[in-house]
Amino acid sequence: MIKPIQKYKKGRRLEYRVMKELKEKGYYPIRSAGSHGIIDLVGISSKNIVLIQVKSEKPTFKQKKEFASLKVPDNCLKFFVIFGKRGQYKKILV
């Protein structure tokens, strides 16, 4: 069993990895640290905004539904970034 502090550190490490990629793509990344909310990261560019939920495992149906029901402006995209066991990840547009 993973201890809560280890789980937090793993999540934080994955969020920083996604933030680095956002920066490389021209976004200004903002991390919603400690909020335990639906949005982990926000990326702002001159064209759009991305809202990201970072997961180390497949999101539950409830998490998917809650994120999908979030009302956002037309220039805002919502993504799950899901990491696998070997550090690879996939992005799922919601």
# chains A, B, ... in the order shown; residues from 1 in each chain; ligands from 1
>>> residues_around(residues="segment 19-26 of chain A", least_positions_apart="2", cutoff="12 Å", atoms="only C-alpha atoms", output="compact mmCIF listing (two decimals) with N, CA, C and O atoms, in the first residue's frame")
# COMPACT_ATOMS: atom_id res chain seq x y z
N ARG A 12 2.58 15.03 -7.45
CA ARG A 12 3.26 16.31 -7.64
C ARG A 12 4.32 16.19 -8.73
O ARG A 12 4.43 17.05 -9.60
N ARG A 13 5.08 15.10 -8.69
CA ARG A 13 6.13 14.88 -9.70
C ARG A 13 5.51 14.79 -11.10
O ARG A 13 6.03 15.38 -12.06
N LEU A 14 4.39 14.09 -11.23
CA LEU A 14 3.73 13.95 -12.53
C LEU A 14 3.17 15.30 -13.00
O LEU A 14 3.26 15.64 -14.18
N GLU A 15 2.63 16.08 -12.07
CA GLU A 15 2.12 17.40 -12.42
C GLU A 15 3.24 18.31 -12.93
O GLU A 15 3.07 19.02 -13.93
N TYR A 16 4.39 18.27 -12.28
CA TYR A 16 5.52 19.09 -12.73
C TYR A 16 6.01 18.65 -14.10
O TYR A 16 6.45 19.46 -14.91
N ARG A 17 5.92 17.38 -14.38
CA ARG A 17 6.31 16.88 -15.70
C ARG A 17 5.39 17.44 -16.78
O ARG A 17 5.85 17.88 -17.84
N TYR A 28 1.59 29.20 -20.26
CA TYR A 28 1.99 29.61 -18.91
C TYR A 28 1.26 28.67 -17.96
O TYR A 28 0.04 28.75 -17.81
N PRO A 29 1.96 27.72 -17.33
CA PRO A 29 1.30 26.73 -16.49
C PRO A 29 1.11 27.21 -15.05
O PRO A 29 1.96 27.89 -14.48
N ILE A 30 -0.03 26.86 -14.48
CA ILE A 30 -0.35 27.17 -13.10
C ILE A 30 -0.78 25.86 -12.43
O ILE A 30 -1.65 25.16 -12.94
N ARG A 31 -0.18 25.56 -11.31
CA ARG A 31 -0.50 24.33 -10.57
C ARG A 31 -1.44 24.68 -9.42
O ARG A 31 -1.19 25.59 -8.65
N SER A 32 -2.51 23.94 -9.31
CA SER A 32 -3.49 24.13 -8.24
C SER A 32 -3.10 23.25 -7.06
O SER A 32 -3.75 22.25 -6.76
N ASP A 40 -6.11 20.12 -11.73
CA ASP A 40 -4.75 20.09 -11.18
C ASP A 40 -3.88 21.19 -11.78
O ASP A 40 -3.10 21.81 -11.09
N LEU A 41 -4.03 21.39 -13.09
CA LEU A 41 -3.19 22.35 -13.80
C LEU A 41 -4.04 23.20 -14.74
O LEU A 41 -5.02 22.72 -15.31
N VAL A 42 -3.61 24.45 -14.91
CA VAL A 42 -4.19 25.34 -15.89
C VAL A 42 -3.05 25.83 -16.76
O VAL A 42 -2.00 26.22 -16.25
N GLY A 43 -3.24 25.78 -18.07
CA GLY A 43 -2.26 26.29 -19.01
C GLY A 43 -2.89 27.42 -19.80
O GLY A 43 -3.97 27.26 -20.36
N ILE A 44 -2.20 28.56 -19.84
CA ILE A 44 -2.74 29.72 -20.54
C ILE A 44 -1.80 30.09 -21.68
O ILE A 44 -0.60 30.24 -21.48
N SER A 45 -2.37 30.23 -22.88
CA SER A 45 -1.59 30.71 -24.02
C SER A 45 -2.32 31.90 -24.63
O SER A 45 -3.41 32.27 -24.17
N SER A 46 -1.77 32.47 -25.67
CA SER A 46 -2.43 33.61 -26.32
C SER A 46 -3.68 33.19 -27.08
O SER A 46 -4.51 34.03 -27.41
N LYS A 47 -3.83 31.89 -27.35
CA LYS A 47 -4.97 31.41 -28.13
C LYS A 47 -6.04 30.69 -27.29
O LYS A 47 -7.21 30.76 -27.60
N ASN A 48 -5.60 29.96 -26.28
CA ASN A 48 -6.58 29.20 -25.52
C ASN A 48 -6.10 28.90 -24.10
O ASN A 48 -5.00 29.24 -23.71
N ILE A 49 -6.95 28.22 -23.39
CA ILE A 49 -6.70 27.79 -22.01
C ILE A 49 -6.93 26.30 -21.95
O ILE A 49 -7.89 25.79 -22.55
N VAL A 50 -6.07 25.57 -21.25
CA VAL A 50 -6.28 24.14 -21.04
C VAL A 50 -6.41 23.87 -19.54
O VAL A 50 -5.68 24.44 -18.73
N LEU A 51 -7.37 23.05 -19.20
CA LEU A 51 -7.59 22.59 -17.83
C LEU A 51 -7.21 21.11 -17.81
O LEU A 51 -7.68 20.34 -18.65
N ILE A 52 -6.37 20.73 -16.87
CA ILE A 52 -5.84 19.37 -16.88
C ILE A 52 -6.01 18.71 -15.52
O ILE A 52 -5.74 19.30 -14.48
N GLN A 53 -6.46 17.47 -15.56
CA GLN A 53 -6.52 16.60 -14.38
C GLN A 53 -5.48 15.51 -14.61
O GLN A 53 -5.56 14.77 -15.59
N VAL A 54 -4.47 15.44 -13.77
CA VAL A 54 -3.39 14.46 -13.90
C VAL A 54 -3.73 13.24 -13.04
O VAL A 54 -4.06 13.38 -11.87
N VAL A 81 -4.70 13.69 -18.22
CA VAL A 81 -3.40 13.14 -18.59
C VAL A 81 -3.20 11.96 -17.66
O VAL A 81 -3.10 12.12 -16.44
>>> atom_distance(atom1="atom CA of Lys90 of chain A", atom2="atom CA of Gly11 of chain A")
15.5 Å
>>> select_by_dssp(residues="chain A", states="strand (DSSP E)", output="PyMOL selection string")
chain A and resi 28-31+41-44+49-55+76-83+89-93
>>> write_last_selection(atoms="C-alpha atoms", output="PDB file, in the first residue's frame")
ATOM      1  CA  TYR A  28       1.988  29.614 -18.910  1.00  0.00           C
ATOM      2  CA  PRO A  29       1.300  26.727 -16.488  1.00  0.00           C
ATOM      3  CA  ILE A  30      -0.349  27.165 -13.096  1.00  0.00           C
ATOM      4  CA  ARG A  31      -0.503  24.333 -10.567  1.00  0.00           C
ATOM      5  CA  LEU A  41      -3.193  22.353 -13.798  1.00  0.00           C
ATOM      6  CA  VAL A  42      -4.194  25.345 -15.888  1.00  0.00           C
ATOM      7  CA  GLY A  43      -2.257  26.289 -19.008  1.00  0.00           C
ATOM      8  CA  ILE A  44      -2.740  29.722 -20.538  1.00  0.00           C
ATOM      9  CA  ILE A  49      -6.697  27.793 -22.011  1.00  0.00           C
ATOM     10  CA  VAL A  50      -6.284  24.143 -21.036  1.00  0.00           C
ATOM     11  CA  LEU A  51      -7.585  22.586 -17.832  1.00  0.00           C
ATOM     12  CA  ILE A  52      -5.836  19.369 -16.875  1.00  0.00           C
ATOM     13  CA  GLN A  53      -6.522  16.604 -14.384  1.00  0.00           C
ATOM     14  CA  VAL A  54      -3.386  14.458 -13.901  1.00  0.00           C
ATOM     15  CA  LYS A  55      -3.952  10.832 -12.929  1.00  0.00           C
ATOM     16  CA  CYS A  76     -10.932  26.301 -23.146  1.00  0.00           C
ATOM     17  CA  LEU A  77     -10.007  22.616 -23.492  1.00  0.00           C
ATOM     18  CA  LYS A  78     -10.253  19.953 -20.794  1.00  0.00           C
ATOM     19  CA  PHE A  79      -7.829  16.998 -20.633  1.00  0.00           C
ATOM     20  CA  PHE A  80      -7.110  14.017 -18.473  1.00  0.00           C
ATOM     21  CA  VAL A  81      -3.401  13.140 -18.587  1.00  0.00           C
ATOM     22  CA  ILE A  82      -3.120   9.532 -17.464  1.00  0.00           C
ATOM     23  CA  PHE A  83       0.288   8.051 -16.630  1.00  0.00           C
ATOM     24  CA  TYR A  89       1.095   8.822 -20.637  1.00  0.00           C
ATOM     25  CA  LYS A  90      -1.870   9.540 -22.795  1.00  0.00           C
ATOM     26  CA  LYS A  91      -4.001  12.642 -23.091  1.00  0.00           C
ATOM     27  CA  ILE A  92      -7.748  12.293 -23.244  1.00  0.00           C
ATOM     28  CA  LEU A  93      -9.759  15.275 -24.391  1.00  0.00           C
TER      29      LEU A  93
END
>>> residues_around(residues="Gln63 of chain A", least_positions_apart="4", cutoff="12 Å", atoms="only C-alpha atoms", output="PyMOL selection string")
chain A and resi 37-39+53-55+57-59+67-70+80+94
>>> select_by_dssp(residues="segment 52-87 of chain A", states="alpha helix (DSSP H)", output="JSON, numbers by chain")
{"A": [61, 62, 63, 64, 65, 66, 67, 68]}
>>> write_last_selection(atoms="all heavy atoms", output="short mmCIF file (atom, residue, chain, number, x, y, z; two decimals), in the first residue's frame")
data_model
loop_
_atom_site.label_atom_id
_atom_site.label_comp_id
_atom_site.auth_asym_id
_atom_site.auth_seq_id
_atom_site.Cartn_x
_atom_site.Cartn_y
_atom_site.Cartn_z
N PHE A 61 -15.58 6.65 -13.21
CA PHE A 61 -16.72 7.18 -13.96
C PHE A 61 -17.17 8.51 -13.36
O PHE A 61 -17.46 9.47 -14.07
CB PHE A 61 -17.87 6.17 -13.95
CG PHE A 61 -19.11 6.69 -14.63
CD1 PHE A 61 -19.18 6.74 -16.01
CD2 PHE A 61 -20.19 7.15 -13.89
CE1 PHE A 61 -20.31 7.23 -16.65
CE2 PHE A 61 -21.31 7.65 -14.51
CZ PHE A 61 -21.38 7.68 -15.90
N LYS A 62 -17.20 8.58 -12.04
CA LYS A 62 -17.61 9.80 -11.35
C LYS A 62 -16.67 10.97 -11.67
O LYS A 62 -17.12 12.09 -11.92
CB LYS A 62 -17.66 9.57 -9.84
CG LYS A 62 -18.12 10.75 -9.04
CD LYS A 62 -18.13 10.45 -7.55
CE LYS A 62 -18.49 11.71 -6.76
NZ LYS A 62 -18.43 11.49 -5.33
N GLN A 63 -15.36 10.70 -11.67
CA GLN A 63 -14.38 11.75 -12.00
C GLN A 63 -14.56 12.23 -13.43
O GLN A 63 -14.50 13.43 -13.70
CB GLN A 63 -12.96 11.23 -11.79
CG GLN A 63 -12.60 11.03 -10.34
CD GLN A 63 -11.30 10.27 -10.16
OE1 GLN A 63 -10.92 9.43 -10.99
NE2 GLN A 63 -10.60 10.55 -9.08
N LYS A 64 -14.76 11.28 -14.36
CA LYS A 64 -14.97 11.65 -15.76
C LYS A 64 -16.21 12.51 -15.92
O LYS A 64 -16.19 13.52 -16.61
CB LYS A 64 -15.11 10.40 -16.63
CG LYS A 64 -13.84 9.65 -16.87
CD LYS A 64 -14.13 8.55 -17.87
CE LYS A 64 -13.32 7.32 -17.61
NZ LYS A 64 -13.66 6.22 -18.49
N LYS A 65 -17.27 12.08 -15.28
CA LYS A 65 -18.54 12.80 -15.39
C LYS A 65 -18.44 14.21 -14.81
O LYS A 65 -18.91 15.18 -15.41
CB LYS A 65 -19.65 12.01 -14.67
CG LYS A 65 -21.02 12.55 -14.84
CD LYS A 65 -22.06 11.66 -14.18
CE LYS A 65 -23.43 12.27 -14.30
NZ LYS A 65 -24.45 11.46 -13.65
N GLU A 66 -17.82 14.33 -13.65
CA GLU A 66 -17.67 15.63 -12.99
C GLU A 66 -16.84 16.58 -13.86
O GLU A 66 -17.20 17.74 -14.04
CB GLU A 66 -17.01 15.45 -11.62
CG GLU A 66 -16.90 16.72 -10.82
CD GLU A 66 -16.25 16.51 -9.46
OE1 GLU A 66 -15.57 15.49 -9.25
OE2 GLU A 66 -16.43 17.40 -8.62
N PHE A 67 -15.74 16.09 -14.41
CA PHE A 67 -14.87 16.91 -15.24
C PHE A 67 -15.56 17.31 -16.54
O PHE A 67 -15.48 18.45 -16.98
CB PHE A 67 -13.57 16.16 -15.50
CG PHE A 67 -12.41 17.03 -15.91
CD1 PHE A 67 -12.16 18.24 -15.30
CD2 PHE A 67 -11.55 16.62 -16.91
CE1 PHE A 67 -11.08 19.03 -15.68
CE2 PHE A 67 -10.47 17.39 -17.30
CZ PHE A 67 -10.24 18.60 -16.67
N ALA A 68 -16.25 16.35 -17.15
CA ALA A 68 -16.95 16.61 -18.41
C ALA A 68 -18.07 17.63 -18.23
O ALA A 68 -18.35 18.42 -19.14
CB ALA A 68 -17.50 15.31 -18.99
#
